[in-house]
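For reference, work35.txt (compact mmCIF, C-alpha atoms):
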```
# COMPACT_ATOMS: atom_id res chain seq x y z
CA MET X 1 119.82 162.04 105.98
CA GLN X 2 119.66 159.78 109.02
CA SER X 3 116.30 158.32 107.97
CA SER X 4 117.65 157.48 104.50
CA ARG X 5 120.54 155.51 106.04
CA ILE X 6 118.08 153.51 108.13
CA LEU X 7 115.99 152.72 105.03
CA SER X 8 119.11 151.60 103.19
CA ARG X 9 119.95 149.15 105.93
CA CYS X 10 116.42 147.73 105.86
CA VAL X 11 116.76 147.00 102.16
CA VAL X 12 120.26 145.51 102.18
CA ILE X 13 119.86 143.14 105.11
CA PRO X 14 117.06 141.00 103.53
CA VAL X 15 119.01 140.79 100.27
CA LEU X 16 122.09 139.51 102.07
CA ALA X 17 119.98 137.01 104.03
CA PHE X 18 118.46 135.68 100.77
CA ALA X 19 121.87 135.38 99.14
CA SER X 20 123.28 133.45 102.08
CA ALA X 21 120.38 130.97 101.83
CA LEU X 22 121.27 129.98 98.27
CA THR X 23 122.98 126.57 98.08
CA TYR X 24 125.05 125.50 95.11
CA ALA X 25 125.79 121.90 94.26
CA ARG X 26 129.38 120.80 94.34
CA THR X 27 130.40 118.60 91.41
CA VAL X 28 133.42 116.30 91.51
CA ASP X 29 134.72 114.05 88.74
CA VAL X 30 135.92 110.52 89.40
CA ASN X 31 137.99 108.84 86.72
CA CYS X 32 138.41 105.23 87.82
CA GLY X 33 141.40 103.36 86.48
CA SER X 34 143.20 106.55 85.55
CA HIS X 35 145.71 108.81 87.26
CA LYS X 36 144.84 111.82 85.12
CA GLY X 37 142.64 113.39 87.79
CA PRO X 38 142.91 113.85 91.54
CA LEU X 39 140.15 111.31 92.28
CA SER X 40 140.25 107.71 91.09
CA SER X 41 137.54 106.21 93.34
CA ILE X 42 134.01 107.05 94.42
CA THR X 43 134.93 106.36 98.04
CA ALA X 44 137.65 109.01 97.90
CA ALA X 45 135.18 111.50 96.42
CA LEU X 46 132.62 110.87 99.15
CA ALA X 47 135.24 111.52 101.82
CA GLN X 48 135.76 115.05 100.45
CA LEU X 49 132.09 116.07 100.39
CA ASP X 50 129.82 117.75 102.91
CA PRO X 51 127.13 115.09 103.50
CA THR X 52 124.40 117.73 103.77
CA GLY X 53 124.79 118.43 100.04
CA PRO X 54 123.83 119.06 97.39
CA ASN X 55 126.63 117.11 95.69
CA ASN X 56 127.18 115.56 92.26
CA ILE X 57 129.72 112.81 91.59
CA VAL X 58 130.32 112.17 87.89
CA VAL X 59 131.94 108.78 87.27
CA SER X 60 133.86 107.58 84.24
CA GLY X 61 135.81 104.40 83.65
CA VAL X 62 135.64 101.11 85.54
CA CYS X 63 135.67 101.37 89.33
CA THR X 64 136.47 98.29 91.39
CA GLU X 65 135.24 99.06 94.90
CA ASN X 66 132.41 98.66 97.37
CA VAL X 67 130.76 102.02 97.99
CA LEU X 68 129.11 103.04 101.27
CA ILE X 69 126.87 106.12 101.16
CA GLN X 70 125.95 106.86 104.76
CA SER X 71 124.01 109.84 106.18
CA PHE X 72 124.08 111.87 102.95
CA ASP X 73 121.40 114.19 101.59
CA ARG X 74 120.96 115.50 98.03
CA LEU X 75 123.58 113.34 96.36
CA ILE X 76 123.68 112.35 92.68
CA LEU X 77 126.04 109.56 91.62
CA LYS X 78 126.01 109.68 87.83
CA GLY X 79 127.87 107.60 85.28
CA THR X 80 129.12 108.73 81.90
CA ALA X 81 128.90 106.32 78.96
CA GLY X 82 130.31 102.94 79.95
CA ALA X 83 130.88 103.81 83.61
CA THR X 84 130.93 100.68 85.77
CA ILE X 85 131.28 99.70 89.42
CA ASN X 86 132.62 96.18 89.90
CA ASP X 87 132.50 94.36 93.23
CA ALA X 88 135.88 94.36 94.98
CA SER X 89 134.93 91.90 97.74
CA ASN X 90 134.70 88.65 95.79
CA GLY X 91 130.99 88.42 96.55
CA ALA X 92 131.20 89.23 100.27
CA GLY X 93 130.03 92.86 100.20
CA ILE X 94 127.37 95.14 98.70
CA VAL X 95 128.52 97.06 95.64
CA VAL X 96 126.57 100.24 96.51
CA ASP X 97 125.14 100.43 100.03
CA ILE X 98 122.95 103.46 100.84
CA GLN X 99 122.22 103.87 104.56
CA ASP X 100 120.38 106.56 106.53
CA SER X 101 120.39 108.91 103.52
CA GLN X 102 117.84 111.11 101.78
CA ARG X 103 117.41 112.07 98.12
CA VAL X 104 120.23 109.89 96.79
CA THR X 105 120.21 109.20 93.04
CA VAL X 106 122.28 106.52 91.27
CA GLN X 107 122.09 107.05 87.53
CA GLY X 108 123.53 105.59 84.35
CA LEU X 109 125.89 103.04 85.90
CA THR X 110 126.55 99.35 85.38
CA ILE X 111 126.70 97.57 88.75
CA ASN X 112 128.43 94.18 88.60
CA GLY X 113 128.43 91.37 91.15
CA GLY X 114 128.62 91.59 94.92
CA ALA X 115 126.63 89.90 97.63
CA ASN X 116 123.93 92.34 96.45
CA GLY X 117 124.14 95.01 93.77
CA ILE X 118 122.47 98.06 95.35
CA VAL X 119 120.93 98.21 98.83
CA CYS X 120 118.76 101.14 99.95
CA GLU X 121 118.16 100.73 103.67
CA SER X 122 117.74 102.26 107.12
CA PHE X 123 115.01 104.77 106.25
CA SER X 124 116.78 106.07 103.14
CA ARG X 125 115.09 107.57 100.09
CA CYS X 126 116.69 106.45 96.82
CA THR X 127 116.22 106.93 93.08
CA LEU X 128 117.84 104.40 90.72
CA SER X 129 117.63 105.56 87.12
CA GLY X 130 118.88 104.00 83.90
CA ASN X 131 121.25 101.49 85.50
CA ILE X 132 122.26 97.95 84.55
CA ILE X 133 122.40 95.87 87.74
CA GLN X 134 123.64 92.34 87.23
CA ASN X 135 125.40 89.19 88.39
CA ALA X 136 124.98 89.55 92.16
CA ILE X 137 125.31 86.43 94.31
CA GLY X 138 122.14 87.58 96.09
CA ALA X 139 119.62 90.18 94.93
CA GLY X 140 120.21 92.88 92.38
CA VAL X 141 118.40 95.55 94.43
CA ILE X 142 117.22 95.39 98.06
CA VAL X 143 115.03 98.11 99.57
CA ALA X 144 114.66 97.46 103.30
CA GLN X 145 112.85 99.86 105.64
CA ALA X 146 113.29 102.50 102.95
CA VAL X 147 111.63 104.15 99.93
CA ALA X 148 112.92 103.77 96.38
CA SER X 149 112.00 104.63 92.80
CA ILE X 150 113.58 102.41 90.14
CA GLU X 151 113.28 103.92 86.66
CA LYS X 152 114.30 102.52 83.29
CA GLY X 153 117.34 100.26 83.01
CA VAL X 154 117.84 96.49 83.26
CA ILE X 155 118.13 94.20 86.27
CA GLN X 156 119.42 90.85 85.11
CA ASN X 157 121.14 87.56 85.90
CA ASN X 158 121.21 87.96 89.67
CA ALA X 159 121.23 84.65 91.56
CA GLU X 160 118.30 85.65 93.78
CA GLN X 161 115.69 88.38 93.32
CA GLY X 162 116.03 91.14 90.79
CA VAL X 163 114.31 93.58 93.19
CA ILE X 164 113.07 92.92 96.71
CA SER X 165 111.00 95.30 98.83
CA LEU X 166 111.58 94.14 102.39
CA ASP X 167 110.56 94.91 105.99
CA GLY X 168 108.17 97.76 105.27
CA GLY X 169 109.90 98.89 102.07
CA ASN X 170 108.03 100.98 99.49
CA VAL X 171 109.23 100.56 95.90
CA VAL X 172 107.98 101.85 92.55
CA ILE X 173 109.40 100.18 89.42
CA THR X 174 108.78 102.04 86.16
CA ASP X 175 109.89 101.02 82.65
CA VAL X 176 112.39 98.43 83.90
CA ARG X 177 113.30 95.08 82.37
CA LEU X 178 113.90 92.18 84.78
CA ILE X 179 115.33 89.11 83.08
CA GLY X 180 117.26 85.98 84.04
CA ASN X 181 117.03 86.46 87.81
CA GLY X 182 116.95 83.45 90.10
CA ALA X 183 115.47 82.38 93.42
CA ASP X 184 112.03 83.31 94.80
CA ALA X 185 110.88 86.00 92.34
CA ALA X 186 112.27 88.61 89.98
CA ALA X 187 110.19 91.30 91.75
CA ASP X 188 109.47 90.39 95.37
CA ALA X 189 107.58 92.13 98.20
CA ARG X 190 107.68 90.58 101.65
CA ASN X 191 107.29 91.36 105.34
CA ALA X 192 104.66 94.12 105.16
CA SER X 193 106.09 95.82 102.08
CA LEU X 194 104.67 97.54 98.99
CA LEU X 195 105.77 97.08 95.39
CA GLN X 196 104.29 98.99 92.43
CA ILE X 197 105.18 97.82 88.92
CA ILE X 198 104.44 100.16 86.02
CA SER X 199 105.13 99.67 82.28
CA SER X 200 107.79 97.05 82.94
CA ASN X 201 108.80 93.70 81.42
CA ILE X 202 109.38 90.76 83.76
CA GLU X 203 110.39 87.88 81.56
CA GLY X 204 112.48 84.75 81.44
CA ASN X 205 113.29 84.60 85.14
CA LEU X 206 114.04 81.27 86.78
CA ASN X 207 111.27 81.31 89.40
CA HIS X 208 108.17 83.47 89.91
CA GLY X 209 107.92 86.70 87.96
CA VAL X 210 106.31 88.67 90.81
CA GLN X 211 105.68 87.70 94.42
CA ALA X 212 103.85 89.18 97.42
CA ILE X 213 104.25 87.32 100.70
CA ASP X 214 103.79 87.87 104.43
CA ASN X 215 101.25 90.70 104.50
CA SER X 216 102.64 92.55 101.48
CA SER X 217 101.01 94.19 98.46
CA VAL X 218 101.78 94.42 94.75
CA VAL X 219 100.06 96.82 92.34
CA ILE X 220 100.69 96.26 88.62
CA SER X 221 99.75 98.39 85.61
CA GLY X 222 100.71 98.22 81.94
CA SER X 223 103.31 95.49 82.41
CA ARG X 224 104.23 92.17 80.78
CA ILE X 225 104.95 89.14 82.94
CA THR X 226 105.92 86.36 80.56
CA GLY X 227 107.95 83.18 80.24
CA ASN X 228 108.97 82.86 83.88
CA GLY X 229 109.96 79.49 85.36
CA ALA X 230 107.17 79.25 87.96
CA ASP X 231 104.07 81.40 88.54
CA GLY X 232 103.73 84.70 86.78
CA ILE X 233 102.41 86.27 90.01
CA HIS X 234 102.58 84.38 93.32
CA VAL X 235 100.59 85.70 96.32
CA GLU X 236 100.36 84.12 99.77
CA HIS X 237 100.37 84.62 103.55
CA ALA X 238 97.72 87.36 103.79
CA SER X 239 99.05 89.40 100.87
CA THR X 240 97.35 91.20 97.98
CA VAL X 241 97.77 91.80 94.28
CA LYS X 242 95.94 94.41 92.20
CA LEU X 243 96.05 94.51 88.40
CA ASN X 244 94.64 97.69 86.88
CA SER X 245 94.65 99.54 83.57
CA VAL X 246 95.70 103.00 84.76
CA ILE X 247 98.79 102.89 82.51
CA GLY X 248 97.77 100.03 80.20
CA ILE X 249 96.68 96.41 80.08
CA ASN X 250 98.80 93.86 81.92
CA VAL X 251 99.73 90.71 80.00
CA VAL X 252 100.50 87.57 82.01
CA THR X 253 101.24 84.64 79.72
CA ALA X 254 103.52 81.67 78.95
CA ASN X 255 104.65 81.24 82.53
CA THR X 256 105.47 77.67 83.58
CA GLY X 257 103.08 77.76 86.56
CA ALA X 258 99.84 79.65 86.99
CA GLY X 259 99.45 83.16 85.67
CA VAL X 260 98.30 84.26 89.15
CA PHE X 261 98.49 81.91 92.14
CA LEU X 262 96.77 82.81 95.45
CA ARG X 263 96.59 81.03 98.79
CA ASP X 264 96.54 81.44 102.58
CA LEU X 265 94.15 84.37 103.17
CA SER X 266 95.40 86.37 100.18
CA PHE X 267 93.34 88.61 97.89
CA GLY X 268 93.51 89.33 94.17
CA PHE X 269 91.78 92.27 92.49
CA PHE X 270 91.40 92.21 88.71
CA GLY X 271 90.13 95.55 87.44
CA ALA X 272 87.97 95.78 84.33
CA GLY X 273 90.25 95.84 81.29
CA GLY X 274 93.28 95.55 83.54
CA ALA X 275 94.73 92.21 82.46
CA THR X 276 94.94 89.46 79.89
CA ILE X 277 95.94 86.31 81.78
CA THR X 278 95.98 83.39 79.37
CA GLY X 279 98.18 80.61 78.06
CA ASN X 280 100.02 79.79 81.28
CA GLY X 281 101.23 76.30 82.19
CA GLY X 282 99.40 75.68 85.45
CA ALA X 283 96.05 73.95 85.81
CA PHE X 284 94.43 77.43 85.76
CA ASP X 285 95.53 80.86 84.60
CA VAL X 286 94.23 82.25 87.92
CA SER X 287 94.51 79.62 90.62
CA CYS X 288 92.89 79.83 94.07
CA ASN X 289 94.36 77.40 96.58
CA PRO X 290 93.87 76.54 100.28
CA GLN X 291 93.65 78.14 102.73
CA PHE X 292 90.87 80.59 101.87
CA PRO X 293 92.06 83.03 99.20
CA ALA X 294 89.64 85.60 97.73
CA THR X 295 89.37 87.44 94.41
CA ARG X 296 87.33 90.17 92.79
CA GLY X 297 87.04 90.23 89.00
CA ALA X 298 88.79 86.90 88.34
CA LEU X 299 85.66 85.50 86.67
CA THR X 300 85.25 88.40 84.25
CA ASN X 301 88.38 90.53 83.87
CA ILE X 302 91.25 88.21 82.95
CA GLY X 303 90.87 88.29 79.17
CA GLY X 304 89.34 84.83 78.77
CA GLY X 305 91.76 82.85 80.92
CA THR X 306 90.76 79.94 83.12
CA THR X 307 90.20 80.03 86.88
CA ASN X 308 88.91 77.90 89.75
CA CYS X 309 88.24 80.94 91.96
CA VAL X 310 84.72 81.38 93.33
CA GLU X 311 83.16 84.80 93.76
CA PRO X 312 79.77 85.63 95.30
```
As a first step, turn the structure in this file into structure tokens.
Amino acid sequence: MQSSRILSRCVVIPVLAFASALTYARTVDVNCGSHKGPLSSITAALAQLDPTGPNNIVVSGVCTENVLIQSFDRLILKGTAGATINDASNGAGIVVDIQDSQRVTVQGLTINGGANGIVCESFSRCTLSGNIIQNAIGAGVIVAQAVASIEKGVIQNNAEQGVISLDGGNVVITDVRLIGNGADAAADARNASLLQIISSNIEGNLNHGVQAIDNSSVVISGSRITGNGADGIHVEHASTVKLNSVIGINVVTANTGAGVFLRDLSFGFFGAGGATITGNGGAFDVSCNPQFPATRGALTNIGGGTTNCVEP
């Protein structure tokens, strides 16, 4: 009898340990602009949550606030149909600022205005999915010293960049439309950063479509870069661009400047079948400029476009 009791304890203890390890997500509803529920702001919801997560915040209505997500893990901020976050700072603050956080998802929201729309920074890891990010005084999205995936959605009519990967940032853009953005470039990598653009449309922006500057890299596959107000792709200051056909052919056309512009120790790689770069407004579709840029494949793999680049 004594041995059977010992065996029973050996069986029950592991089961209890396994059960205690299970973690269930807490879900809270935020109904902005309404007094029907206990929570009428995202900031109030965040204050009630354990930052270690997992947590889900489901947003409905129009919120007017500037949201700080700091030191959270496993957080989903999800909008229902029509859910919106409007800047409350008159352009002085960030609408959604994610700092020192891991596995934070912002999904299905319209983000309006602000100094910047969404900022993912301070070694955070962010996923932005199916959002409309628009009308910021600065950039729509900034990823600085952080990692982000931007999926689907529209980034439009921001006064500066649509998306900027900054200070060692690592950003993947997939199936996103960038339109009507302003200064510098719609999609911008700078200061030793990486930007990957997959199956996206970058069109009708006021300056460059894509830019890599200051020892940064851009990799593009299956995307359209068309009708932008300066160069389609602008690369300088020891930076690189790679156009490949892993997802599909890139089309770079009808830009006011060159299709691809390289200078100052920069490098462009044009993979076989990776791009059609024709019909741009510069002197050449692929333009090599002082000091000392280099290319591989610009003479053969740009779909019949013109170039002044020289390859051995």
Kindly indicate which residue among X:Ile137, X:Ile150, X:Ala258, X:Leu68 lies nearest to Val235 (chain X), using all atoms listed in the file for the distances.
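When distances to Val235 (chain X) are compared using all atoms listed in the file, the smallest one comes from X:Ala258.
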Using all atoms listed in the file, find the one residue out of X:Gly273, X:Gly53, X:Gly182, X:Gly168 that sits nearest to Leu195 (chain X).
X:Gly168
From the set X:Val106, X:Ala230, X:Ile198, X:Val210, which residue has the shortest atom-to-atom contact distance to Asn244 (chain X), counting only C-alpha atoms?
X:Ile198
Please provide as a count of residues only all residues within 12 Å of region 129-132 of chain X, with the sequence filter that same-chain residues fewer than 5 positions apart are discarded (counting only C-alpha atoms).
45
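One finds CA of Asp97 (chain X) at 19.4 Å from CA of Ala187 (chain X).
If you measure from each of X:Gly282, X:Pro51, X:Gly138, X:Gly305 to Ile94 (chain X) using all atoms listed in the file, the closest one turns out to be X:Gly138.
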Could you check how far CA of Ser223 (chain X) sits from CA of Gln161 (chain X), in Å to one decimal?
18.0 Å
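What separates CA of Asn31 (chain X) from CA of Ile69 (chain X) is a distance of 18.4 Å.
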Please write as a ChimeraX atom specification the list of polymer residues whose atoms come within 12 Å of (88.7, 81.1, 86.3), counting all atoms listed in the file and keeping to the coordinates of the file.
/X:258-261,270,277-278,283-288,295-311
Excluding Ser89 (chain X) and residues on its chain fewer than 4 positions from it, collect all residues at most 8 Å away from it, counting only C-alpha atoms, and give them as a list in words.
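The residues satisfying every condition are Glu65, Asn66, Gly93 and Gly114 of chain X.
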Which residue out of X:Arg26, X:Ala183, X:Glu236, X:Phe269 has the minimum interatomic distance to Ile220 (chain X) when all atoms listed in the file are used?
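Ranked by minimum distance to Ile220 (chain X), first place goes to X:Phe269.
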Take every atom of region 211-222 of chain X listed in the file, pad by 3 Å on each side, and give me the axis-aligned box centre and edge lengths in Å, one decimal, as JSON.
```
{"center_x": 102.7, "center_y": 92.9, "center_z": 93.2, "size_x": 11.9, "size_y": 17.1, "size_z": 28.6}
```
Select, from X:Val171, X:Gly91, X:Asn56, X:Ser71, the residue with the minimum atom-to-atom distance to Leu128 (chain X), counting only C-alpha atoms.
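Closest to Leu128 (chain X), using only C-alpha atoms: X:Val171.
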Could you please fill out region 127-140 of chain X with N, CA and C atoms and send it back as an mmCIF file, keeping the file's coordinate frame?
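Below is the file part.cif, written as the result:
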```cif
data_model
loop_
_atom_site.group_PDB
_atom_site.id
_atom_site.type_symbol
_atom_site.label_atom_id
_atom_site.label_comp_id
_atom_site.auth_asym_id
_atom_site.auth_seq_id
_atom_site.Cartn_x
_atom_site.Cartn_y
_atom_site.Cartn_z
ATOM 1 N N THR X 127 116.666 107.004 94.465
ATOM 2 C CA THR X 127 116.220 106.930 93.080
ATOM 3 C C THR X 127 117.303 106.221 92.275
ATOM 4 N N LEU X 128 116.922 105.137 91.592
ATOM 5 C CA LEU X 128 117.840 104.400 90.720
ATOM 6 C C LEU X 128 117.329 104.557 89.300
ATOM 7 N N SER X 129 118.113 105.181 88.440
ATOM 8 C CA SER X 129 117.630 105.560 87.120
ATOM 9 C C SER X 129 118.604 105.142 86.030
ATOM 10 N N GLY X 130 118.107 104.327 85.095
ATOM 11 C CA GLY X 130 118.880 104.000 83.900
ATOM 12 C C GLY X 130 120.121 103.174 84.150
ATOM 13 N N ASN X 131 120.082 102.323 85.172
ATOM 14 C CA ASN X 131 121.250 101.490 85.500
ATOM 15 C C ASN X 131 121.100 100.075 84.938
ATOM 16 N N ILE X 132 122.221 99.397 84.784
ATOM 17 C CA ILE X 132 122.260 97.950 84.550
ATOM 18 C C ILE X 132 122.808 97.329 85.825
ATOM 19 N N ILE X 133 122.014 96.463 86.460
ATOM 20 C CA ILE X 133 122.400 95.870 87.740
ATOM 21 C C ILE X 133 122.383 94.361 87.547
ATOM 22 N N GLN X 134 123.544 93.720 87.696
ATOM 23 C CA GLN X 134 123.640 92.340 87.230
ATOM 24 C C GLN X 134 124.652 91.522 88.019
ATOM 25 N N ASN X 135 124.423 90.195 87.959
ATOM 26 C CA ASN X 135 125.400 89.190 88.390
ATOM 27 C C ASN X 135 125.704 89.189 89.881
ATOM 28 N N ALA X 136 124.771 89.650 90.720
ATOM 29 C CA ALA X 136 124.980 89.550 92.160
ATOM 30 C C ALA X 136 124.792 88.109 92.626
ATOM 31 N N ILE X 137 125.497 87.741 93.693
ATOM 32 C CA ILE X 137 125.310 86.430 94.310
ATOM 33 C C ILE X 137 123.953 86.354 94.985
ATOM 34 N N GLY X 138 123.475 87.486 95.501
ATOM 35 C CA GLY X 138 122.140 87.580 96.090
ATOM 36 C C GLY X 138 121.208 88.332 95.168
ATOM 37 N N ALA X 139 120.584 89.388 95.699
ATOM 38 C CA ALA X 139 119.620 90.180 94.930
ATOM 39 C C ALA X 139 120.311 91.326 94.192
ATOM 40 N N GLY X 140 119.703 91.716 93.094
ATOM 41 C CA GLY X 140 120.210 92.880 92.380
ATOM 42 C C GLY X 140 119.993 94.153 93.174
#
```
